[in-house]
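Just coords_31.tsv here, TSV, C-alpha atoms:
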```
chain	number	residue	atom	x	y	z
L	1	MET	CA	98.14	-13.27	-117.60
L	2	LEU	CA	95.41	-15.77	-116.80
L	3	PHE	CA	92.50	-13.48	-117.75
L	4	GLN	CA	93.65	-11.72	-120.88
L	5	GLY	CA	92.21	-12.36	-124.31
L	6	ASN	CA	92.86	-10.73	-127.66
L	7	LEU	CA	90.24	-8.06	-127.01
L	8	ILE	CA	89.52	-7.99	-123.30
L	9	ASN	CA	91.08	-8.20	-119.89
L	10	LEU	CA	89.36	-9.47	-116.75
L	11	ARG	CA	90.58	-7.79	-113.58
L	12	PRO	CA	89.37	-6.96	-110.08
L	13	PHE	CA	87.09	-3.95	-109.73
L	14	GLU	CA	88.65	-0.71	-108.51
L	15	PRO	CA	86.93	2.31	-106.91
L	16	GLU	CA	87.46	4.38	-110.08
L	17	ASP	CA	85.21	1.90	-111.96
L	18	ILE	CA	82.10	3.04	-110.07
L	19	PRO	CA	80.98	5.81	-112.54
L	20	ALA	CA	81.28	3.50	-115.58
L	21	LEU	CA	79.62	0.67	-113.64
L	22	GLN	CA	76.69	2.95	-112.78
L	23	ALA	CA	76.40	4.12	-116.39
L	24	TYR	CA	76.06	0.70	-117.96
L	25	LEU	CA	74.04	-0.87	-115.12
L	26	ASN	CA	71.42	1.84	-115.63
L	27	HIS	CA	71.16	1.26	-119.39
L	28	PRO	CA	67.48	0.44	-120.08
L	29	ASP	CA	68.40	-2.57	-122.25
L	30	LEU	CA	69.93	-4.29	-119.22
L	31	VAL	CA	66.85	-4.12	-117.00
L	32	GLY	CA	66.27	-7.62	-115.68
L	33	ARG	CA	69.69	-8.94	-116.71
L	34	ARG	CA	72.24	-6.94	-114.75
L	35	TYR	CA	73.18	-9.91	-112.50
L	36	LEU	CA	73.32	-7.84	-109.34
L	37	PRO	CA	74.06	-9.24	-105.89
L	38	SER	CA	70.95	-10.47	-104.12
L	39	GLY	CA	68.86	-7.82	-102.47
L	40	TYR	CA	69.11	-5.31	-105.35
L	41	SER	CA	66.24	-4.54	-107.66
L	42	GLU	CA	66.72	-5.35	-111.33
L	43	ILE	CA	64.10	-2.75	-112.24
L	44	VAL	CA	64.88	0.63	-110.69
L	45	PRO	CA	67.74	2.92	-111.72
L	46	LEU	CA	70.73	2.73	-109.40
L	47	SER	CA	72.03	5.81	-107.62
L	48	ARG	CA	75.74	6.50	-107.17
L	49	LYS	CA	75.37	5.46	-103.51
L	50	GLY	CA	73.58	2.26	-104.55
L	51	VAL	CA	76.34	1.39	-107.01
L	52	GLN	CA	78.93	2.13	-104.31
L	53	THR	CA	77.15	-0.38	-102.06
L	54	ILE	CA	77.05	-2.94	-104.88
L	55	TYR	CA	80.76	-2.35	-105.52
L	56	GLU	CA	81.54	-2.97	-101.85
L	57	LYS	CA	79.53	-6.19	-101.89
L	58	ILE	CA	81.20	-7.34	-105.14
L	59	VAL	CA	84.73	-6.89	-103.82
L	60	GLY	CA	83.97	-8.32	-100.37
L	61	PHE	CA	82.01	-11.49	-101.15
L	62	GLU	CA	84.08	-14.62	-100.43
L	63	GLU	CA	81.99	-17.21	-102.32
L	64	GLU	CA	81.93	-15.19	-105.53
L	65	VAL	CA	84.53	-13.61	-107.76
L	66	CYS	CA	83.22	-10.68	-109.80
L	67	LEU	CA	85.64	-9.24	-112.34
L	68	ALA	CA	85.62	-6.08	-114.41
L	69	VAL	CA	85.60	-6.67	-118.17
L	70	THR	CA	87.85	-4.06	-119.76
L	71	LEU	CA	89.00	-3.47	-123.31
L	72	LEU	CA	92.60	-4.52	-123.73
L	73	GLU	CA	93.62	-1.50	-125.82
L	74	SER	CA	91.99	1.29	-123.84
L	75	GLY	CA	91.24	-0.20	-120.41
L	76	LYS	CA	87.62	0.98	-120.73
L	77	LEU	CA	85.15	-0.88	-118.50
L	78	VAL	CA	82.53	-2.59	-120.71
L	79	GLY	CA	81.00	-5.14	-118.37
L	80	HIS	CA	81.42	-7.59	-115.53
L	81	ALA	CA	81.61	-11.33	-115.17
L	82	GLY	CA	81.92	-13.73	-112.35
L	83	CYS	CA	81.95	-17.14	-110.79
L	84	TYR	CA	79.86	-18.17	-107.81
L	85	TRP	CA	80.76	-21.28	-105.87
L	86	GLY	CA	77.92	-21.32	-103.37
L	87	TRP	CA	77.56	-24.69	-101.74
L	88	ASP	CA	80.03	-26.75	-103.83
L	89	THR	CA	83.37	-25.78	-105.36
L	90	HIS	CA	82.94	-28.57	-107.89
L	91	CYS	CA	79.83	-26.94	-109.39
L	92	PRO	CA	80.38	-23.20	-109.95
L	93	GLU	CA	77.92	-20.89	-111.67
L	94	ILE	CA	79.09	-18.21	-114.08
L	95	TYR	CA	77.51	-15.03	-115.34
L	96	LEU	CA	78.49	-12.14	-117.55
L	97	VAL	CA	77.12	-8.77	-118.52
L	98	ILE	CA	78.40	-6.67	-121.41
L	99	ALA	CA	77.20	-3.08	-121.75
L	100	PRO	CA	74.67	-2.88	-124.61
L	101	ASP	CA	76.85	-0.44	-126.58
L	102	HIS	CA	79.64	-3.05	-126.60
L	103	GLN	CA	77.69	-6.22	-127.33
L	104	ARG	CA	78.26	-8.29	-130.47
L	105	HIS	CA	81.95	-7.38	-130.75
L	106	GLY	CA	83.29	-10.72	-129.46
L	107	TYR	CA	83.89	-9.51	-125.89
L	108	GLY	CA	81.36	-11.89	-124.34
L	109	THR	CA	82.85	-14.81	-126.26
L	110	GLU	CA	86.31	-14.04	-124.90
L	111	VAL	CA	84.95	-13.63	-121.38
L	112	ILE	CA	83.12	-16.96	-121.35
L	113	GLU	CA	86.11	-18.76	-122.87
L	114	GLN	CA	88.43	-17.26	-120.22
L	115	LEU	CA	86.09	-18.22	-117.38
L	116	LEU	CA	85.60	-21.77	-118.65
L	117	ARG	CA	89.33	-22.25	-119.20
L	118	TYR	CA	90.07	-21.01	-115.69
L	119	LEU	CA	87.41	-23.15	-114.03
L	120	PHE	CA	88.21	-26.37	-115.89
L	121	GLU	CA	92.01	-26.00	-115.87
L	122	HIS	CA	92.61	-24.47	-112.44
L	123	THR	CA	89.78	-25.59	-110.14
L	124	PRO	CA	88.15	-28.93	-109.28
L	125	ALA	CA	84.98	-27.97	-111.19
L	126	HIS	CA	83.37	-30.91	-112.96
L	127	VAL	CA	80.40	-28.90	-114.24
L	128	VAL	CA	79.83	-25.19	-114.84
L	129	THR	CA	76.29	-23.84	-114.75
L	130	SER	CA	74.71	-20.66	-116.00
L	131	TRP	CA	71.17	-19.50	-116.60
L	132	ALA	CA	69.11	-17.01	-118.56
L	133	ALA	CA	65.49	-15.94	-118.47
L	134	VAL	CA	63.42	-17.32	-121.33
L	135	TRP	CA	62.54	-13.77	-122.41
L	136	ASN	CA	66.29	-13.16	-122.88
L	137	ALA	CA	66.49	-15.20	-126.10
L	138	SER	CA	69.89	-13.77	-127.03
L	139	GLY	CA	71.27	-14.84	-123.63
L	140	VAL	CA	69.92	-18.38	-124.03
L	141	HIS	CA	71.30	-18.53	-127.58
L	142	PHE	CA	74.70	-17.25	-126.39
L	143	LEU	CA	75.01	-20.06	-123.85
L	144	MET	CA	74.03	-22.76	-126.35
L	145	LYS	CA	76.38	-21.31	-128.98
L	146	HIS	CA	79.25	-21.63	-126.53
L	147	GLY	CA	78.71	-25.30	-125.76
L	148	PHE	CA	76.27	-25.23	-122.87
L	149	HIS	CA	73.33	-27.65	-122.83
L	150	GLN	CA	69.90	-26.95	-121.43
L	151	ALA	CA	69.78	-28.84	-118.14
L	152	GLY	CA	66.33	-27.76	-117.04
L	153	ARG	CA	64.11	-24.87	-116.08
L	154	SER	CA	63.17	-23.08	-112.97
L	155	ARG	CA	59.50	-22.41	-113.56
L	156	ARG	CA	57.92	-19.07	-112.68
L	157	ALA	CA	61.25	-17.82	-111.37
L	158	GLY	CA	60.20	-14.20	-111.56
L	159	ILE	CA	57.94	-11.61	-113.13
L	160	TYR	CA	58.93	-9.66	-116.22
L	161	GLN	CA	56.64	-7.10	-117.84
L	162	GLY	CA	53.71	-8.31	-115.77
L	163	SER	CA	54.03	-12.04	-116.51
L	164	TYR	CA	55.78	-14.96	-114.88
L	165	PHE	CA	58.86	-16.24	-116.65
L	166	ASP	CA	61.00	-19.36	-116.47
L	167	LEU	CA	64.77	-19.50	-116.12
L	168	VAL	CA	66.66	-21.77	-118.47
L	169	VAL	CA	69.38	-23.60	-116.57
L	170	ALA	CA	72.34	-24.52	-118.78
L	171	ASP	CA	75.51	-26.40	-117.98
L	172	MET	CA	78.73	-27.75	-119.42
L	173	LEU	CA	80.57	-30.80	-118.11
L	174	ARG	CA	84.36	-30.88	-117.86
L	175	GLN	CA	84.59	-33.63	-120.51
L	176	GLU	CA	82.38	-31.60	-122.89
L	177	TRP	CA	84.66	-28.60	-122.46
L	178	ALA	CA	87.77	-30.77	-122.99
L	179	GLN	CA	86.29	-32.25	-126.17
L	180	ARG	CA	85.25	-28.82	-127.41
L	181	SER	CA	88.67	-27.33	-126.63
L	182	LYS	CA	90.44	-30.24	-128.30
L	183	GLY	CA	88.31	-29.78	-131.42
L	184	SER	CA	88.90	-26.02	-131.59
L	185	SER	CA	92.69	-26.40	-131.21
L	186	HIS	CA	92.80	-28.75	-134.20
L	187	GLY	CA	90.87	-26.29	-136.35
L	188	ALA	CA	93.30	-23.44	-135.66
```
So, in terms of structure tokens, how does the structure I just supplied come out?
Amino acid sequence: MLFQGNLINLRPFEPEDIPALQAYLNHPDLVGRRYLPSGYSEIVPLSRKGVQTIYEKIVGFEEEVCLAVTLLESGKLVGHAGCYWGWDTHCPEIYLVIAPDHQRHGYGTEVIEQLLRYLFEHTPAHVVTSWAAVWNASGVHFLMKHGFHQAGRSRRAGIYQGSYFDLVVADMLRQEWAQRSKGSSHGA
């Protein structure tokens, strides 16, 4: 399977995922970093109906693929991840969210590796971009740890806890991924 790691599986969302999706999206530690479709507040708790609407948008959006992150052993939903092609299929953006109770177990690492492998081996992507708010230091660190490079900033991209914040834009070129993959295969 293209999207199966040692710990996780990436699969399409199903209607039965809605209760678990609502539970982790409403976790207070994810406020401001839930990566919701545009038009949804990152601040307020989401009702069941609101999550249903988000689910419908996730599964119906043609320029974006949003996948459920599930544990391989149990099938439990622990997050979501996706690719957004927007205006150019050669320059996709990726994002991922792991429920706070399941962070720092290697799931995010497997997700990002699966997404990068897919994009660089099976699509015409020559660069993959992601971003994180500067106040999300662990998110910025995660991207850099996985081979992304800071490409710039979007200044005053939003307001968090009453102050403007910048977004760190990070990217990885196809040749950087190939070199990184080549180096990791020799170390195994």
Legend entry - Neighbour list for L:Tyr35 as a ChimeraX atom specification, cut-off 10 Å, only C-alpha atoms, skip fewer than 6 positions in-chain: /L:25,42,80-82,95-97
Inset, instruction - Might you pull out every residue within 12 Å of stretch 68-72 of chain L, with only C-alpha atoms counted and same-chain residues fewer than 4 positions away left off, and present them as a VMD selection string? - result: chain L and resid 3 to 18 20 to 21 55 58 to 59 76 to 82 95 to 99 102 105 to 112 114 to 115
Inset, instruction - Take atom CA of L:Thr53 and atom CA of L:Pro28 and report the distance between them in Å, one decimal. - result: 20.5 Å
Legend entry - From L:Ala137, L:Ile54, L:Leu116, L:Cys91, residue lying nearest L:Arg34 [only C-alpha atoms]: L:Ile54
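Each of L:Tyr24, L:Phe61, L:Trp87, L:Phe165 was checked against L:Ala132 using all atoms listed in the file; the smallest atom-to-atom distance is that of L:Phe165.
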